[in-house]
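Take a look at the structure set out below.
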Amino acid sequence: MTAKPEHWQLSAADAATATLVIPADARRVRRFEIACAITVAVPEQGACWHQMTVQANGSQLWRRREDSNNPGAWDGLDYRFSRSVPVGQALRVTVAVAGLGVRRRSLVIEADET
């Protein structure tokens with residue numbers, strides 16, 4: 001019998017940091033496509049920036065800092081990657097949000113088994 005593909009999701013609203021933990025499987029290697037996304041509210045005036053940092057099992061995979069655009073609306077960043085998860089090991093995906101002059105709006109991490 002084939003296992004149904006796993007789907008994991010964490011919506012952390014306006015949190016500065018969030019960690020999605022995919023538990024270990026004792027019988028099989030799994031591969032996941034992971035999507036991380038943040039949005040920030042941008043003020044009407046003033047210079048501002050936002051940044052997202054992505055880690056998998058404690059190792060930094062990606063960090064980007066951008067000037068925020070869309071005054072009076074929102075801006076964001078997203079990052080996608082694939083990861084194999086060995087038998088008996090969990091996967092911890094951590095996303096951190098930083099910014100100057102912006103307000104955190106959303107932080108979402110999703111993982112789909114392929």
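Letters for chains follow the order of the structure tokens (A, B, ...), residue numbers begin at 1 for each chain, and ligand numbers begin at 1 in the order shown.
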Write out as a PyMOL selection string each polymer residue whose atoms come within 12 Å of Ser11 in chain A, counting only C-alpha atoms; drop sequence neighbours fewer than 3 positions from it. chain A and resi 8+14-20+35-39+95+105-111
Create the file for the chosen residues now, containing C-alpha atoms and written as an mmCIF file, in the first residue's frame.
```
data_model
loop_
_atom_site.group_PDB
_atom_site.id
_atom_site.type_symbol
_atom_site.label_atom_id
_atom_site.label_comp_id
_atom_site.auth_asym_id
_atom_site.auth_seq_id
_atom_site.Cartn_x
_atom_site.Cartn_y
_atom_site.Cartn_z
ATOM 1 C CA TRP A 8 2.494 20.256 6.182
ATOM 2 C CA ASP A 14 2.853 38.455 12.070
ATOM 3 C CA ALA A 15 5.405 36.458 14.105
ATOM 4 C CA ALA A 16 9.088 37.337 13.750
ATOM 5 C CA THR A 17 10.125 33.661 13.624
ATOM 6 C CA ALA A 18 8.394 30.354 12.959
ATOM 7 C CA THR A 19 9.518 26.723 12.751
ATOM 8 C CA LEU A 20 7.728 23.956 10.875
ATOM 9 C CA ALA A 35 7.758 27.080 0.122
ATOM 10 C CA CYS A 36 8.451 29.927 2.554
ATOM 11 C CA ALA A 37 6.795 33.338 2.196
ATOM 12 C CA ILE A 38 6.539 36.583 4.138
ATOM 13 C CA THR A 39 4.649 39.819 3.616
ATOM 14 C CA VAL A 95 11.963 31.306 8.857
ATOM 15 C CA ARG A 105 1.984 40.901 8.100
ATOM 16 C CA SER A 106 2.306 37.172 7.332
ATOM 17 C CA LEU A 107 4.730 34.268 7.534
ATOM 18 C CA VAL A 108 3.841 30.934 5.910
ATOM 19 C CA ILE A 109 5.820 27.706 5.522
ATOM 20 C CA GLU A 110 4.421 24.831 3.425
ATOM 21 C CA ALA A 111 5.914 21.435 2.610
#
```
Nearby residues (only C-alpha atoms) at most 7 Å from Gln89 in chain A, same-chain spacing under 4 positions excluded, as a list in words: Ala24, Asp25 and Val85 of chain A
Select, from A:Leu10, A:Ala73, A:Val87, A:Ala98, the residue with the minimum atom-to-atom distance to Val42 in chain A, counting only C-alpha atoms.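 Selected residue with least distance to Val42 in chain A: A:Ala73.
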So that I can check the surroundings of Arg64 in chain A, please list as a compact mmCIF listing (two decimals) with C-alpha atoms, in the first residue's frame every protein, DNA and RNA residue that reaches within 10 Å of it, counting only C-alpha atoms and ignoring chain neighbours fewer than 3 positions away.
```txt
# COMPACT_ATOMS: atom_id res chain seq x y z
CA HIS A 50 12.43 43.77 4.86
CA GLN A 51 14.46 40.57 5.17
CA MET A 52 13.78 36.84 5.29
CA THR A 53 16.18 34.15 6.51
CA VAL A 54 15.52 30.43 5.91
CA LEU A 77 9.69 37.70 -0.23
CA ASP A 78 9.43 34.01 -0.97
CA TYR A 79 11.86 31.13 -1.27
```
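Around Asn70 in chain A, within 9 Å and counting only C-alpha atoms, the residues found are A:Ala41, A:Val42, A:Pro43, A:Glu44, once anything fewer than 6 positions away on its own chain is removed.
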Output all heavy atoms of each residue in that selection to a file, as a short mmCIF file (atom, residue, chain, number, x, y, z; two decimals), in the first residue's frame.
```cif
data_model
loop_
_atom_site.label_atom_id
_atom_site.label_comp_id
_atom_site.auth_asym_id
_atom_site.auth_seq_id
_atom_site.Cartn_x
_atom_site.Cartn_y
_atom_site.Cartn_z
N ALA A 41 3.68 45.10 5.75
CA ALA A 41 2.94 46.31 5.41
C ALA A 41 3.96 47.44 5.24
O ALA A 41 4.85 47.61 6.08
CB ALA A 41 1.94 46.65 6.52
N VAL A 42 3.81 48.20 4.16
CA VAL A 42 4.75 49.26 3.83
C VAL A 42 4.09 50.61 4.12
O VAL A 42 2.97 50.85 3.69
CB VAL A 42 5.16 49.18 2.34
CG1 VAL A 42 6.16 50.26 1.98
CG2 VAL A 42 5.72 47.80 2.01
N PRO A 43 4.80 51.50 4.85
CA PRO A 43 4.20 52.81 5.16
C PRO A 43 4.08 53.68 3.90
O PRO A 43 4.72 53.42 2.88
CB PRO A 43 5.19 53.42 6.15
CG PRO A 43 6.49 52.77 5.85
CD PRO A 43 6.15 51.38 5.38
N GLU A 44 3.27 54.71 4.01
CA GLU A 44 3.07 55.65 2.90
C GLU A 44 4.36 56.36 2.50
O GLU A 44 4.58 56.64 1.34
CB GLU A 44 2.01 56.69 3.26
CG GLU A 44 0.61 56.15 3.35
CD GLU A 44 -0.03 55.90 1.98
OE1 GLU A 44 0.46 56.44 0.96
OE2 GLU A 44 -1.01 55.15 1.93
#
```
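Across the model, the gap from CA of Ala3 in chain A to CA of Thr94 in chain A is 26.1 Å.
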Pro5 in chain A environment, 10 Å, only C-alpha atoms, sequence neighbours closer than 5 positions dropped, as a ChimeraX atom specification: /A:30-32,112-114
Restricting the calculation to only C-alpha atoms: of A:Val40, A:Ala26, A:Ile34, A:Ala96, which residue gets closest to Gln60 in chain A?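 Selected residue with least distance to Gln60 in chain A: A:Ala96.
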